[in-house]
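S.K.: File upload-v2.txt below, compact mmCIF, C-alpha atoms:
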# COMPACT_ATOMS: atom_id res chain seq x y z
CA MET A 1 182.26 130.52 110.34
CA ILE A 2 179.77 131.23 107.56
CA GLU A 3 177.18 128.86 106.16
CA GLU A 4 175.58 129.21 102.74
CA SER A 5 173.11 127.06 100.84
CA ILE A 6 173.54 125.95 97.25
CA LYS A 7 171.21 124.05 94.97
CA VAL A 8 172.43 121.50 92.43
CA ASN A 9 170.09 119.30 90.40
CA SER A 10 167.15 120.16 92.70
CA ARG A 11 169.10 119.15 95.81
CA THR A 12 170.07 121.66 98.49
CA TYR A 13 173.47 121.48 100.18
CA LYS A 14 174.84 123.52 103.06
CA VAL A 15 178.39 124.88 102.61
CA THR A 16 180.47 125.75 105.67
CA VAL A 17 183.15 128.40 105.18
CA ASN A 18 185.91 128.44 107.78
CA ASP A 19 189.71 128.51 107.85
CA ARG A 20 190.02 124.78 107.21
CA THR A 21 187.63 124.66 104.29
CA GLN A 22 189.16 127.84 102.82
CA MET A 23 192.54 126.10 102.90
CA TYR A 24 191.15 123.10 100.99
CA ALA A 25 189.51 125.39 98.41
CA ALA A 26 192.74 127.37 97.91
CA ARG A 27 194.71 124.16 97.55
CA LEU A 28 192.23 122.81 94.99
CA ARG A 29 192.44 126.03 92.95
CA LYS A 30 196.23 125.76 93.01
CA LEU A 31 196.14 122.14 91.84
CA TYR A 32 193.68 122.97 89.05
CA GLN A 33 195.91 125.85 87.94
CA GLN A 34 199.00 123.64 88.05
CA THR A 35 197.29 121.04 85.87
CA TYR A 36 196.03 123.71 83.47
CA ASN A 37 199.48 125.28 83.07
CA ASP A 38 201.36 122.00 82.75
CA MET A 39 199.33 119.14 81.29
CA ASP A 40 202.31 116.81 81.82
CA SER A 41 201.86 117.19 85.58
CA TYR A 42 198.27 115.84 85.47
CA GLU A 43 199.35 112.32 86.40
CA GLU A 44 201.36 113.63 89.34
CA VAL A 45 198.65 115.81 90.83
CA SER A 46 195.51 113.81 90.01
CA SER A 47 195.68 111.79 93.22
CA GLU A 48 196.37 114.91 95.26
CA THR A 49 193.49 116.68 93.53
CA SER A 50 191.13 113.81 94.31
CA THR A 51 192.17 113.80 97.97
CA THR A 52 191.72 117.57 98.20
CA VAL A 53 188.27 117.42 96.56
CA ASN A 54 187.20 114.70 99.01
CA ASN A 55 188.52 116.68 101.99
CA LEU A 56 186.76 119.83 100.81
CA LEU A 57 183.45 118.06 100.26
CA ASN A 58 183.68 116.14 103.55
CA HIS A 59 184.47 119.20 105.65
CA ALA A 60 182.54 121.94 103.83
CA VAL A 61 179.40 120.36 102.39
CA SER A 62 176.45 118.58 103.95
CA PRO A 63 174.65 116.31 103.41
CA ASP A 64 176.95 113.96 101.51
CA VAL A 65 177.15 114.96 97.86
CA LYS A 66 175.51 112.65 95.33
CA GLU A 67 177.92 111.52 92.63
CA GLU A 68 175.85 113.09 89.85
CA ASP A 69 175.98 116.45 91.71
CA MET A 70 179.71 116.46 92.42
CA ASP A 71 180.90 118.67 89.53
CA GLY A 72 178.16 121.24 90.11
CA VAL A 73 178.75 121.30 93.86
CA ILE A 74 182.51 121.76 93.45
CA HIS A 75 181.94 124.58 90.96
CA GLN A 76 179.51 126.39 93.27
CA VAL A 77 181.63 125.81 96.38
CA LEU A 78 184.68 127.34 94.69
CA LYS A 79 182.54 130.35 93.69
CA ILE A 80 181.54 130.79 97.35
CA PHE A 81 185.18 130.74 98.41
CA ASP A 82 185.99 133.34 95.73
CA LYS A 83 183.47 135.82 97.18
CA PRO A 84 185.62 137.09 100.10
CA ILE A 85 188.59 137.46 97.76
CA GLN A 86 186.52 139.58 95.36
CA LYS A 87 185.23 141.76 98.22
CA THR A 88 188.79 142.31 99.46
CA LYS A 89 189.99 143.29 95.99
CA LYS A 90 187.13 145.76 95.53
CA GLY A 91 187.95 147.41 98.84
CA ARG A 92 191.53 148.23 97.83
Can you turn what I pasted into structure tokens?
M.R.:
Amino acid sequence: MIEESIKVNSRTYKVTVNDRTQMYAARLRKLYQQTYNDMDSYEEVSSETSTTVNNLLNHAVSPDVKEEDMDGVIHQVLKIFDKPIQKTKKGR
């Protein structure tokens, strides 16, 4: 388990990286990509995307994210989860 700190709108949040939270991040990326590639599927996946965002924030981020920070927190959290992937790719 890894913990990192992020700052959004002058608030500091702690992000926990573990298998569970990595799964939520990967799922969220997949849902975003699905929506981006097929705009007609937005209605179908919007509820699933919302649930996945909530699960990711509830299990990976503390304290509770303020509504006005949500977009920034999600963006930074996904960047954190991309870091191990980038390191793996560079090592190949």
S.K.: As an exercise, work out the distance from atom CA of A:Asp19 to atom CA of A:Tyr42 in Å and give it to one decimal place.
M.R.: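 So the two atoms, atom CA of A:Asp19 and atom CA of A:Tyr42, lie 27.1 Å apart.
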S.K.: Name the closest residue to A:Lys30 among the candidates A:Asp71, A:Asp64, A:Glu48, A:Glu43; distances are taken between atoms, counting only C-alpha atoms.
M.R.: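 Of all the options, A:Glu48 lies closest to A:Lys30.
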S.K.: Using only C-alpha atoms, which of A:Pro63, A:Asp69, A:Thr49, A:Ile74 sits nearest A:Tyr13?
M.R.: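 Residue with the minimum atom-to-atom distance to A:Tyr13: A:Pro63.
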S.K.: One number please: atom CA of A:Glu67 to atom CA of A:Ser10, in Å, one decimal.
M.R.: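 Separating atom CA of A:Glu67 from atom CA of A:Ser10 is a distance of 13.8 Å.
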S.K.: Can you pull out the residues contacting A:Gln33? Cut-off 12 Å, using all atoms listed in the file, and skip same-chain residues under 5 positions away; I want them as a PyMOL selection string.
M.R.: chain A and resi 26-28+38-39+41-42+45+49
S.K.: With distances taken over only C-alpha atoms, which of A:Ser62, A:Thr12, A:Thr52, A:Gln76 is nearest to A:Ala25?
M.R.: A:Thr52
S.K.: One number please: atom CA of A:Thr51 to atom CA of A:Ile6, in Å, one decimal.
M.R.: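 Answer for the atom CA of A:Thr51 to atom CA of A:Ile6 separation: 22.3 Å.
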S.K.: Return the single residue from A:His59, A:Arg29, A:Lys66, A:His75 that is closest to A:Val17, with distances computed using all atoms listed in the file.
M.R.: A:His59
S.K.: Could you check the closest approach to A:Asn55 for each of A:Thr16, A:Arg11, A:Tyr24, A:Met1 and tell me which residue wins, using only C-alpha atoms?
M.R.: A:Tyr24
S.K.: Looking at A:Val53, A:Glu44, A:Glu4, A:Gln34, which one is nearest to A:Lys83, with distances taken over all atoms listed in the file?
M.R.: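 Of all the options, A:Glu4 lies closest to A:Lys83.
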